[in-house]
$ cat final34.cif   # mmCIF, C-alpha atoms
data_entry
loop_
_atom_site.label_atom_id
_atom_site.label_comp_id
_atom_site.auth_asym_id
_atom_site.auth_seq_id
_atom_site.Cartn_x
_atom_site.Cartn_y
_atom_site.Cartn_z
CA MET A 1 9.87 -176.30 -22.20
CA ARG A 2 6.54 -174.71 -21.39
CA ARG A 3 6.23 -173.64 -17.80
CA ARG A 4 3.06 -172.97 -15.84
CA VAL A 5 3.17 -169.28 -15.05
CA LEU A 6 0.88 -167.39 -12.71
CA ALA A 7 0.84 -163.69 -13.65
CA VAL A 8 -0.79 -161.61 -10.91
CA SER A 9 -1.56 -157.87 -10.98
CA SER A 10 -4.00 -155.44 -9.39
CA ALA A 11 -6.50 -153.71 -11.67
CA GLY A 12 -5.42 -150.35 -13.05
CA GLY A 13 -1.89 -149.34 -13.95
CA HIS A 14 -0.31 -152.54 -12.60
CA TRP A 15 -2.51 -154.62 -14.93
CA SER A 16 -1.89 -152.27 -17.86
CA GLN A 17 1.84 -152.80 -17.43
CA LEU A 18 1.45 -156.59 -17.22
CA MET A 19 -0.51 -156.49 -20.49
CA LEU A 20 2.32 -154.52 -22.11
CA LEU A 21 4.68 -157.37 -21.10
CA ARG A 22 2.47 -160.21 -22.34
CA GLU A 23 4.88 -161.19 -25.11
CA ALA A 24 7.31 -162.37 -22.40
CA LEU A 25 4.76 -165.04 -21.50
CA ALA A 26 3.86 -166.08 -25.04
CA GLU A 27 5.64 -169.43 -24.93
CA GLN A 28 4.40 -170.39 -21.49
CA ASP A 29 1.24 -171.84 -20.01
CA VAL A 30 0.06 -168.64 -18.39
CA THR A 31 -2.86 -167.95 -16.08
CA PHE A 32 -3.54 -164.28 -15.48
CA VAL A 33 -4.93 -163.13 -12.14
CA THR A 34 -6.35 -159.71 -11.30
CA THR A 35 -8.80 -157.95 -9.00
CA LEU A 36 -11.46 -156.64 -11.40
CA ALA A 37 -13.79 -158.77 -13.50
CA GLY A 38 -13.88 -157.96 -17.18
CA LEU A 39 -10.25 -156.94 -17.57
CA GLY A 40 -9.35 -160.30 -19.07
CA GLU A 41 -12.12 -160.00 -21.65
CA VAL A 42 -10.97 -156.54 -22.69
CA SER A 43 -7.47 -157.91 -23.36
CA GLY A 44 -8.62 -161.27 -24.69
CA VAL A 45 -6.87 -163.38 -22.04
CA PRO A 46 -8.43 -165.93 -19.68
CA THR A 47 -8.20 -164.43 -16.24
CA GLU A 48 -8.94 -165.48 -12.66
CA ILE A 49 -10.36 -162.84 -10.33
CA ILE A 50 -9.31 -162.50 -6.69
CA PRO A 51 -10.46 -160.00 -4.05
CA ASP A 52 -8.44 -156.78 -3.90
CA SER A 53 -6.78 -155.40 -0.78
CA ASN A 54 -4.14 -152.90 0.28
CA ARG A 55 -2.38 -151.85 3.46
CA ASN A 56 -5.50 -150.01 4.64
CA THR A 57 -7.92 -152.92 4.28
CA ARG A 58 -6.69 -155.39 6.85
CA SER A 59 -9.67 -157.77 6.76
CA ALA A 60 -9.72 -157.86 2.97
CA ILE A 61 -6.11 -159.06 2.95
CA PHE A 62 -7.22 -162.44 4.26
CA GLN A 63 -9.71 -162.75 1.42
CA THR A 64 -6.96 -161.93 -1.05
CA ILE A 65 -4.70 -164.56 0.52
CA ALA A 66 -7.52 -167.10 0.29
CA GLY A 67 -8.10 -166.17 -3.34
CA VAL A 68 -4.43 -166.49 -4.24
CA TRP A 69 -4.22 -169.83 -2.44
CA ARG A 70 -7.28 -171.07 -4.32
CA VAL A 71 -5.71 -170.19 -7.68
CA PHE A 72 -2.38 -171.73 -6.67
CA ARG A 73 -4.04 -175.02 -5.85
CA ARG A 74 -5.80 -175.15 -9.21
CA VAL A 75 -2.95 -173.93 -11.40
CA ARG A 76 0.07 -175.35 -9.53
CA PRO A 77 2.44 -172.85 -11.15
CA ASP A 78 6.17 -173.29 -11.68
CA VAL A 79 6.69 -169.54 -11.90
CA VAL A 80 4.95 -166.58 -10.27
CA ILE A 81 5.31 -163.14 -11.82
CA SER A 82 3.79 -159.84 -10.73
CA THR A 83 3.84 -156.14 -11.55
CA GLY A 84 2.25 -155.35 -8.16
CA ALA A 85 0.65 -154.42 -5.92
CA LEU A 86 -0.21 -156.18 -2.63
CA PRO A 87 -2.15 -159.06 -4.20
CA GLY A 88 0.88 -159.66 -6.42
CA LEU A 89 3.19 -159.59 -3.41
CA ILE A 90 1.02 -162.19 -1.69
CA ALA A 91 1.32 -164.42 -4.76
CA ILE A 92 5.11 -163.93 -4.80
CA ALA A 93 5.32 -164.78 -1.09
CA LEU A 94 3.26 -167.92 -1.56
CA GLY A 95 5.37 -168.86 -4.56
CA ARG A 96 8.54 -168.48 -2.53
CA LEU A 97 7.09 -170.55 0.32
CA LEU A 98 6.38 -173.33 -2.16
CA GLY A 99 9.81 -173.14 -3.79
CA LYS A 100 8.62 -171.70 -7.10
CA ARG A 101 10.52 -169.21 -9.27
CA THR A 102 9.34 -165.69 -8.47
CA ILE A 103 9.71 -162.53 -10.56
CA TRP A 104 8.69 -159.00 -9.54
CA ILE A 105 8.53 -156.01 -11.84
CA GLU A 106 8.26 -152.73 -9.96
CA SER A 107 5.78 -150.28 -11.46
CA ILE A 108 7.10 -147.65 -13.83
CA ALA A 109 5.33 -145.17 -11.55
CA ASN A 110 8.18 -145.55 -9.07
CA ALA A 111 11.25 -143.76 -10.36
CA SER A 112 12.95 -142.68 -7.17
CA GLU A 113 11.78 -145.08 -4.50
CA LEU A 114 10.21 -148.49 -4.26
CA SER A 115 6.59 -149.06 -3.36
CA MET A 116 5.94 -150.73 -0.03
CA SER A 117 5.06 -153.98 -1.82
CA GLY A 118 8.22 -153.60 -3.86
CA ARG A 119 10.38 -153.27 -0.75
CA TYR A 120 9.09 -156.60 0.52
CA ALA A 121 9.24 -158.24 -2.89
CA ALA A 122 12.86 -157.15 -3.28
CA ARG A 123 13.75 -159.34 -0.33
CA ILE A 124 11.93 -162.46 -1.43
CA ALA A 125 11.66 -162.58 -5.24
CA ASP A 126 14.23 -164.51 -7.26
CA ARG A 127 14.34 -161.78 -9.89
CA PHE A 128 13.53 -158.16 -9.18
CA PHE A 129 13.17 -155.66 -12.01
CA VAL A 130 12.84 -151.89 -11.74
CA GLN A 131 11.92 -149.68 -14.68
CA TRP A 132 14.25 -146.72 -14.07
CA PRO A 133 18.04 -147.07 -14.19
CA GLU A 134 18.56 -144.56 -11.39
CA LEU A 135 16.30 -146.64 -9.14
CA ALA A 136 18.43 -149.74 -9.77
CA VAL A 137 21.47 -147.72 -8.79
CA LYS A 138 19.73 -146.53 -5.64
CA VAL A 139 18.03 -149.69 -4.34
CA GLY A 140 19.40 -152.56 -6.40
CA GLY A 141 17.52 -154.91 -8.66
CA THR A 142 17.80 -155.09 -12.41
CA TYR A 143 17.05 -152.35 -14.89
CA ALA A 144 16.44 -154.09 -18.23
CA GLY A 145 13.98 -151.72 -19.88
CA ALA A 146 10.56 -150.22 -19.24
CA VAL A 147 7.02 -150.58 -20.53
CA LEU A 148 6.94 -146.97 -21.75
CA MET B 22 -20.80 -152.80 -12.40
CA LEU B 23 -22.11 -149.27 -12.34
CA GLY B 24 -21.54 -146.94 -9.48
CA GLN B 25 -24.17 -144.49 -8.39
CA SER B 26 -24.88 -141.91 -11.03
CA CYS B 27 -25.00 -138.30 -9.97
CA ASP B 28 -27.31 -135.55 -11.11
CA GLY B 29 -26.88 -133.63 -14.24
CA THR B 30 -25.65 -134.44 -17.65
CA GLY B 31 -23.30 -132.39 -19.71
CA ASP B 32 -24.85 -129.83 -22.02
CA ASP B 33 -24.40 -130.23 -25.75
CA GLY B 34 -20.67 -130.53 -26.06
CA ARG B 35 -18.65 -127.56 -27.09
CA ASN B 36 -17.47 -128.50 -30.59
CA GLY B 37 -18.40 -132.13 -29.89
CA THR B 38 -15.77 -132.42 -27.19
CA LEU B 39 -16.25 -135.28 -24.77
CA ILE B 40 -14.13 -135.19 -21.63
CA PHE B 41 -13.48 -138.45 -19.77
CA ALA B 42 -12.22 -137.88 -16.22
CA ILE B 43 -10.56 -140.68 -14.26
CA ALA B 44 -9.89 -140.91 -10.53
CA GLY B 45 -8.68 -144.53 -10.74
CA THR B 46 -9.67 -147.71 -8.98
CA GLN B 47 -8.34 -147.07 -5.48
CA LEU B 48 -9.07 -143.61 -4.08
CA PRO B 49 -11.48 -140.73 -4.74
CA PHE B 50 -10.07 -137.42 -5.96
CA PRO B 51 -12.57 -134.75 -4.95
CA ARG B 52 -10.22 -131.84 -5.73
CA LEU B 53 -10.00 -132.88 -9.38
CA MET B 54 -13.67 -133.75 -9.72
CA SER B 55 -15.14 -130.63 -8.12
CA THR B 56 -12.73 -128.41 -10.05
CA LEU B 57 -13.62 -130.14 -13.30
CA ASN B 58 -17.32 -129.91 -12.49
CA ARG B 59 -17.09 -126.12 -12.12
CA ILE B 60 -15.25 -125.81 -15.42
CA ALA B 61 -17.69 -128.13 -17.21
CA GLU B 62 -20.61 -126.08 -15.89
CA ARG B 63 -19.03 -122.76 -16.85
CA HIS B 64 -18.36 -123.79 -20.44
CA GLY B 65 -21.00 -126.42 -21.12
CA LEU B 66 -18.43 -129.18 -21.61
CA GLU B 67 -19.81 -132.70 -22.01
CA THR B 68 -18.06 -134.68 -19.31
CA VAL B 69 -18.16 -138.24 -18.01
CA ALA B 70 -16.30 -138.87 -14.77
CA GLN B 71 -15.17 -142.09 -13.08
CA THR B 72 -14.94 -140.73 -9.54
CA ALA B 73 -14.27 -143.67 -7.14
CA GLU B 74 -16.70 -141.80 -4.86
CA PRO B 75 -20.36 -142.87 -4.91
CA ALA B 76 -21.48 -139.86 -2.86
CA PHE B 77 -19.97 -137.26 -5.19
CA LEU B 78 -22.60 -135.12 -6.91
CA GLY B 79 -21.24 -133.50 -10.03
CA THR B 80 -24.02 -131.26 -11.27
CA ALA B 81 -22.49 -130.73 -14.70
CA MET B 82 -20.99 -134.17 -15.27
CA ARG B 83 -22.22 -137.72 -15.68
CA CYS B 84 -20.54 -139.51 -12.78
CA GLU B 85 -19.95 -143.15 -12.02
CA ALA B 86 -17.94 -144.29 -9.02
CA TRP B 87 -16.51 -147.32 -10.78
CA MET B 88 -16.96 -148.69 -14.28
CA ALA B 89 -16.95 -152.17 -15.67
CA ALA B 90 -13.73 -152.83 -17.55
CA GLY B 91 -15.47 -152.94 -20.94
CA GLU B 92 -17.30 -149.69 -20.35
CA PHE B 93 -14.08 -148.01 -19.22
CA GLU B 94 -12.39 -149.05 -22.47
CA ARG B 95 -15.34 -147.74 -24.50
CA MET B 96 -15.07 -144.39 -22.71
CA LEU B 97 -11.35 -144.17 -23.48
CA ALA B 98 -12.19 -144.81 -27.12
CA ALA B 99 -15.03 -142.27 -27.21
CA ALA B 100 -13.30 -139.43 -25.36
CA SER B 101 -11.85 -136.39 -27.11
CA ILE B 102 -9.62 -135.70 -24.14
CA ILE B 103 -8.78 -137.54 -20.93
CA VAL B 104 -8.40 -135.77 -17.59
CA ALA B 105 -6.97 -137.93 -14.86
CA HIS B 106 -5.00 -138.47 -11.71
CA ALA B 107 -1.37 -139.15 -12.58
CA GLY B 108 -1.70 -142.91 -12.59
CA ILE B 109 0.27 -145.08 -14.98
CA GLY B 110 -2.92 -146.79 -16.17
CA THR B 111 -4.27 -143.50 -17.48
CA ILE B 112 -1.05 -142.72 -19.32
CA ILE B 113 -1.01 -146.16 -20.93
CA GLY B 114 -4.74 -145.92 -21.72
CA ALA B 115 -4.39 -142.50 -23.33
CA ALA B 116 -1.39 -143.67 -25.36
CA GLN B 117 -3.14 -146.83 -26.55
CA HIS B 118 -6.27 -144.92 -27.58
CA ARG B 119 -4.27 -141.97 -28.93
CA LYS B 120 -5.97 -139.27 -26.87
CA PRO B 121 -4.69 -136.03 -25.37
CA LEU B 122 -4.13 -136.38 -21.64
CA VAL B 123 -4.35 -133.84 -18.84
CA LEU B 124 -2.82 -135.02 -15.58
CA MET B 125 -3.49 -133.63 -12.13
CA PRO B 126 -1.15 -135.36 -9.67
CA ARG B 127 -2.45 -136.36 -6.25
CA ARG B 128 -0.71 -134.79 -3.29
CA ALA B 129 0.09 -136.64 -0.07
CA ALA B 130 -0.18 -133.39 1.91
CA LEU B 131 -3.84 -133.18 0.90
CA HIS B 132 -4.36 -136.84 1.80
CA GLU B 133 -4.97 -137.67 -1.83
CA HIS B 134 -2.49 -140.53 -1.81
CA ARG B 135 -0.07 -142.31 0.51
CA ASN B 136 2.97 -140.54 -0.93
CA ASP B 137 3.93 -138.04 -3.67
CA HIS B 138 4.91 -140.49 -6.39
CA GLN B 139 2.19 -139.04 -8.66
CA ILE B 140 3.95 -135.71 -8.57
CA ALA B 141 7.11 -137.53 -9.66
CA THR B 142 5.19 -139.41 -12.37
CA ALA B 143 3.71 -136.19 -13.70
CA GLU B 144 7.14 -134.62 -13.76
CA ARG B 145 8.58 -137.60 -15.68
CA PHE B 146 5.83 -137.50 -18.32
CA ARG B 147 5.36 -133.73 -18.48
CA HIS B 148 7.36 -133.51 -21.72
CA THR B 149 5.77 -136.50 -23.43
CA PRO B 150 3.86 -135.22 -26.46
CA GLY B 151 0.14 -135.04 -25.71
CA VAL B 152 0.56 -134.81 -21.93
CA THR B 153 -0.30 -131.63 -20.01
CA VAL B 154 0.27 -131.42 -16.26
CA VAL B 155 -2.04 -129.15 -14.27
CA ASN B 156 -2.17 -128.34 -10.60
CA ASP B 157 -5.06 -125.90 -10.21
CA GLU B 158 -8.34 -124.75 -11.70
CA ALA B 159 -6.82 -122.09 -13.95
CA GLU B 160 -4.35 -124.55 -15.47
CA LEU B 161 -7.02 -127.21 -15.94
CA GLU B 162 -9.37 -124.75 -17.59
CA ALA B 163 -6.65 -123.53 -19.94
CA ALA B 164 -5.78 -127.11 -20.89
CA LEU B 165 -9.41 -127.97 -21.66
CA LEU B 166 -10.00 -124.86 -23.74
CA ALA B 167 -6.76 -125.19 -25.70
CA PRO B 168 -7.41 -125.74 -29.40
CA SER B 169 -6.52 -129.05 -31.07
CA PRO B 170 -4.61 -130.78 -28.30
CA GLU B 171 -2.32 -133.47 -29.67
CA PRO B 172 -2.67 -137.12 -28.63
CA VAL B 173 -0.24 -138.85 -26.32
CA ALA B 174 2.61 -140.34 -28.29
CA VAL B 175 4.97 -142.65 -26.50
CA ALA B 176 8.41 -143.27 -27.98
CA ALA B 177 9.21 -146.42 -29.93
CA GLY B 178 9.19 -149.59 -27.89
CA GLU B 179 12.85 -150.53 -27.65
CA ARG B 180 12.77 -150.21 -23.87
CA ARG B 181 9.68 -152.38 -23.74
CA GLN B 182 11.11 -155.05 -26.05
CA ALA B 183 14.25 -155.14 -23.92
CA LEU B 184 12.25 -155.66 -20.73
CA ILE B 185 10.09 -158.30 -22.42
CA ALA B 186 13.22 -160.21 -23.45
CA ALA B 187 14.68 -159.95 -19.95
CA VAL B 188 11.48 -161.15 -18.32
CA ALA B 189 11.19 -164.05 -20.78
CA GLN B 190 14.75 -165.07 -19.88
CA ALA B 191 14.00 -164.80 -16.17
CA ILE B 192 11.02 -167.13 -16.60
CA SER B 193 13.20 -169.66 -18.38
CA GLY B 194 15.76 -169.43 -15.63
CA ARG B 195 18.50 -167.87 -17.74
#
$ encode --input "final34.cif" --output "structure tokens"
Amino acid sequence: MRRRVLAVSSAGGHWSQLMLLREALAEQDVTFVTTLAGLGEVSGVPTEIIPDSNRNTRSAIFQTIAGVWRVFRRVRPDVVISTGALPGLIAIALGRLLGKRTIWIESIANASELSMSGRYAARIADRFFVQWPELAVKVGGTYAGAVL
Amino acid sequence: MLGQSCDGTGDDGRNGTLIFAIAGTQLPFPRLMSTLNRIAERHGLETVAQTAEPAFLGTAMRCEAWMAAGEFERMLAAASIIVAHAGIGTIIGAAQHRKPLVLMPRRAALHEHRNDHQIATAERFRHTPGVTVVNDEAELEAALLAPSPEPVAVAAGERRQALIAAVAQAISGR
């Protein structure tokens, strides 16, 4: 059964990792979301663009939330998946609020401790993956492999 | 989307070498960029730098604060060697384009990032073929003048296939 999946990741390494996991979404109805125009074209996937923000850009966070909400309303996903960072967490939080299945994959950059977004996502996502076995031992979550 | 260009272009490349330097999308990295600029000037190395810092003037490099995604990919493809902050995107990019990679990790103590995870990343990938980790000007210079650097080669993708399978199952609710 094809599910509507919203796959949200910040531009840069988070997006690169999502692209390396694309096969996992091959049988689904997926809409990709990122924070930099043109990334979708480079990878050949249709992509929505939302404003970026991080913990240091308080006012921009509201624009990100509005952007995520806008995409949610159009796509009406069953599943929300993210490799980070804050824009992805916002999508996960909104997905949880709406009773959707949520999946977080912590960046492979974090081998010994979770990112701040990851710490919040760990508490709210249905499935939480880390990419280093020692990190799963330390903070919980599932180690099931890594993009590199 | 082109950032502000700075003065100066690289001289004719030494042996046709083209260096592509990457600060990433989020934060400038003046320590890397000014160090690289001095080295490029000293040796006439053709260098293009994505700096995340519109005000940075690299006299011996062609600088852009941010690049459009397509242009960034073209630079990865055109580069002989990539010099970058220790971000995962740069490691993946160098691996996909099969380029040698020199990493300079950001340090929290120098306010270059919020924490020291780049130092940990550099340490984890230090022994990956094609990756050289540098922390100062002397090390960066040595890495750039080294003959025939090998491209980044990441091990076979069993770990990736396993994670893909697990994520696919999670989506299906299994």
$ interface_residues --input "final34.cif" --of "chain B" --to "chain A" --cutoff "6 Å" --atoms "all atoms listed in the file" --output "PyMOL selection string"
chain B and resi 90+109-110+142+180-181+183-185+188-189
$ resolve_selection --input "final34.cif" --expression "the PyMOL selection byres ((chain B and resi 46) around 8)" --output "ChimeraX atom specification"
/A:11-12 /B:44-45,47-48,73,87
$ write_last_selection --input "final34.cif" --atoms "C-alpha atoms" --output "PDB file, keeping the file's coordinate frame"
ATOM      1  CA  ALA A  11      -6.500-153.710 -11.670  1.00  0.00           C
ATOM      2  CA  GLY A  12      -5.420-150.350 -13.050  1.00  0.00           C
TER       3      GLY A  12
ATOM      4  CA  ALA B  44      -9.890-140.910 -10.530  1.00  0.00           C
ATOM      5  CA  GLY B  45      -8.680-144.530 -10.740  1.00  0.00           C
ATOM      6  CA  GLN B  47      -8.340-147.070  -5.480  1.00  0.00           C
ATOM      7  CA  LEU B  48      -9.070-143.610  -4.080  1.00  0.00           C
ATOM      8  CA  ALA B  73     -14.270-143.670  -7.140  1.00  0.00           C
ATOM      9  CA  TRP B  87     -16.510-147.320 -10.780  1.00  0.00           C
TER      10      TRP B  87
END
$ resolve_selection --input "final34.cif" --expression "the PyMOL selection byres ((chain B and resi 127) around 8)" --output "list in words"
Phe50, His106, Ala107, Met125, Pro126, Arg128, Ala129, Leu131, Glu133, His134, Asp137, Gln139 and Ile140 of chain B
$ residues_near_point --input "final34.cif" --point "(-14.4, -139.6, -14.7)" --cutoff "6 Å" --atoms "all atoms listed in the file" --output "list in words"
Phe41, Ala42, Ile43, Val69, Ala70, Gln71 and Thr72 of chain B
$ resolve_selection --input "final34.cif" --expression "the PyMOL selection byres ((chain A and resi 117) around 7)" --output "list in words"
Ala85, Leu86, Leu89, Ser115, Met116, Gly118, Arg119, Tyr120 and Ala121 of chain A
$ write_last_selection --input "final34.cif" --atoms "C-alpha atoms" --output "compact mmCIF listing (two decimals), in the frame of the given file"
# COMPACT_ATOMS: atom_id res chain seq x y z
CA ALA A 85 0.65 -154.42 -5.92
CA LEU A 86 -0.21 -156.18 -2.63
CA LEU A 89 3.19 -159.59 -3.41
CA SER A 115 6.59 -149.06 -3.36
CA MET A 116 5.94 -150.73 -0.03
CA GLY A 118 8.22 -153.60 -3.86
CA ARG A 119 10.38 -153.27 -0.75
CA TYR A 120 9.09 -156.60 0.52
CA ALA A 121 9.24 -158.24 -2.89
$ closest_residue --input "final34.cif" --among "B:Leu39, B:Leu66, B:Ala115, B:Met54" --to "Leu78 (chain B)" --atoms "only C-alpha atoms"
B:Met54
$ atom_distance --input "final34.cif" --atom1 "CA of Glu67 (chain B)" --atom2 "CA of Ile102 (chain B)"
10.8 Å
$ closest_residue --input "final34.cif" --among "A:Ile90, A:Met19, A:Ile65, A:Leu6" --to "Glu48 (chain A)" --atoms "all atoms listed in the file"
A:Leu6
$ atom_distance --input "final34.cif" --atom1 "CA of Phe32 (chain A)" --atom2 "CA of Trp69 (chain A)"
14.2 Å
$ decode --input "final34.cif" --residues "region 128-145 of chain B" --atoms "N, CA, C and O atoms" --output "PDB file, in the first residue's frame"
ATOM      1  N   ARG B 128      36.145  24.414  15.416  1.00  0.00           N
ATOM      2  CA  ARG B 128      36.337  24.252  16.857  1.00  0.00           C
ATOM      3  C   ARG B 128      35.368  25.151  17.619  1.00  0.00           C
ATOM      4  O   ARG B 128      35.288  26.353  17.355  1.00  0.00           O
ATOM      5  N   ALA B 129      34.676  24.577  18.593  1.00  0.00           N
ATOM      6  CA  ALA B 129      33.737  25.366  19.398  1.00  0.00           C
ATOM      7  C   ALA B 129      34.478  26.458  20.173  1.00  0.00           C
ATOM      8  O   ALA B 129      33.958  27.563  20.339  1.00  0.00           O
ATOM      9  N   ALA B 130      35.676  26.163  20.632  1.00  0.00           N
ATOM     10  CA  ALA B 130      36.441  27.131  21.432  1.00  0.00           C
ATOM     11  C   ALA B 130      36.749  28.397  20.641  1.00  0.00           C
ATOM     12  O   ALA B 130      36.918  29.475  21.219  1.00  0.00           O
ATOM     13  N   LEU B 131      36.803  28.271  19.315  1.00  0.00           N
ATOM     14  CA  LEU B 131      37.061  29.431  18.469  1.00  0.00           C
ATOM     15  C   LEU B 131      35.756  29.990  17.900  1.00  0.00           C
ATOM     16  O   LEU B 131      35.774  30.793  16.957  1.00  0.00           O
ATOM     17  N   HIS B 132      34.650  29.544  18.464  1.00  0.00           N
ATOM     18  CA  HIS B 132      33.317  29.987  18.045  1.00  0.00           C
ATOM     19  C   HIS B 132      33.037  29.660  16.580  1.00  0.00           C
ATOM     20  O   HIS B 132      32.349  30.405  15.894  1.00  0.00           O
ATOM     21  N   GLU B 133      33.603  28.581  16.117  1.00  0.00           N
ATOM     22  CA  GLU B 133      33.406  28.188  14.731  1.00  0.00           C
ATOM     23  C   GLU B 133      32.201  27.279  14.569  1.00  0.00           C
ATOM     24  O   GLU B 133      31.758  27.036  13.452  1.00  0.00           O
ATOM     25  N   HIS B 134      31.711  26.758  15.673  1.00  0.00           N
ATOM     26  CA  HIS B 134      30.498  25.932  15.647  1.00  0.00           C
ATOM     27  C   HIS B 134      29.948  25.862  17.062  1.00  0.00           C
ATOM     28  O   HIS B 134      30.584  26.321  18.002  1.00  0.00           O
ATOM     29  N   ARG B 135      28.767  25.263  17.213  1.00  0.00           N
ATOM     30  CA  ARG B 135      28.113  25.234  18.516  1.00  0.00           C
ATOM     31  C   ARG B 135      28.742  24.196  19.440  1.00  0.00           C
ATOM     32  O   ARG B 135      28.596  24.265  20.648  1.00  0.00           O
ATOM     33  N   ASN B 136      29.366  23.178  18.850  1.00  0.00           N
ATOM     34  CA  ASN B 136      30.020  22.153  19.666  1.00  0.00           C
ATOM     35  C   ASN B 136      31.182  21.573  18.854  1.00  0.00           C
ATOM     36  O   ASN B 136      31.477  22.070  17.762  1.00  0.00           O
ATOM     37  N   ASP B 137      31.842  20.562  19.355  1.00  0.00           N
ATOM     38  CA  ASP B 137      33.042  20.013  18.702  1.00  0.00           C
ATOM     39  C   ASP B 137      32.757  18.747  17.897  1.00  0.00           C
ATOM     40  O   ASP B 137      33.662  17.927  17.700  1.00  0.00           O
ATOM     41  N   HIS B 138      31.535  18.574  17.419  1.00  0.00           N
ATOM     42  CA  HIS B 138      31.258  17.326  16.707  1.00  0.00           C
ATOM     43  C   HIS B 138      32.060  17.213  15.412  1.00  0.00           C
ATOM     44  O   HIS B 138      32.310  16.117  14.927  1.00  0.00           O
ATOM     45  N   GLN B 139      32.510  18.354  14.846  1.00  0.00           N
ATOM     46  CA  GLN B 139      33.334  18.262  13.626  1.00  0.00           C
ATOM     47  C   GLN B 139      34.699  17.653  13.920  1.00  0.00           C
ATOM     48  O   GLN B 139      35.283  16.971  13.075  1.00  0.00           O
ATOM     49  N   ILE B 140      35.194  17.912  15.108  1.00  0.00           N
ATOM     50  CA  ILE B 140      36.463  17.279  15.486  1.00  0.00           C
ATOM     51  C   ILE B 140      36.252  15.767  15.563  1.00  0.00           C
ATOM     52  O   ILE B 140      37.081  14.982  15.094  1.00  0.00           O
ATOM     53  N   ALA B 141      35.114  15.355  16.132  1.00  0.00           N
ATOM     54  CA  ALA B 141      34.799  13.930  16.206  1.00  0.00           C
ATOM     55  C   ALA B 141      34.599  13.344  14.807  1.00  0.00           C
ATOM     56  O   ALA B 141      35.072  12.249  14.508  1.00  0.00           O
ATOM     57  N   THR B 142      33.914  14.071  13.945  1.00  0.00           N
ATOM     58  CA  THR B 142      33.706  13.605  12.564  1.00  0.00           C
ATOM     59  C   THR B 142      35.038  13.417  11.857  1.00  0.00           C
ATOM     60  O   THR B 142      35.281  12.398  11.206  1.00  0.00           O
ATOM     61  N   ALA B 143      35.915  14.409  11.991  1.00  0.00           N
ATOM     62  CA  ALA B 143      37.224  14.320  11.331  1.00  0.00           C
ATOM     63  C   ALA B 143      37.993  13.114  11.847  1.00  0.00           C
ATOM     64  O   ALA B 143      38.646  12.403  11.084  1.00  0.00           O
ATOM     65  N   GLU B 144      37.903  12.885  13.128  1.00  0.00           N
ATOM     66  CA  GLU B 144      38.593  11.745  13.722  1.00  0.00           C
ATOM     67  C   GLU B 144      38.044  10.435  13.172  1.00  0.00           C
ATOM     68  O   GLU B 144      38.791   9.507  12.865  1.00  0.00           O
ATOM     69  N   ARG B 145      36.704  10.346  13.014  1.00  0.00           N
ATOM     70  CA  ARG B 145      36.083   9.126  12.501  1.00  0.00           C
ATOM     71  C   ARG B 145      36.456   8.850  11.059  1.00  0.00           C
ATOM     72  O   ARG B 145      36.519   7.702  10.639  1.00  0.00           O
TER      73      ARG B 145
END
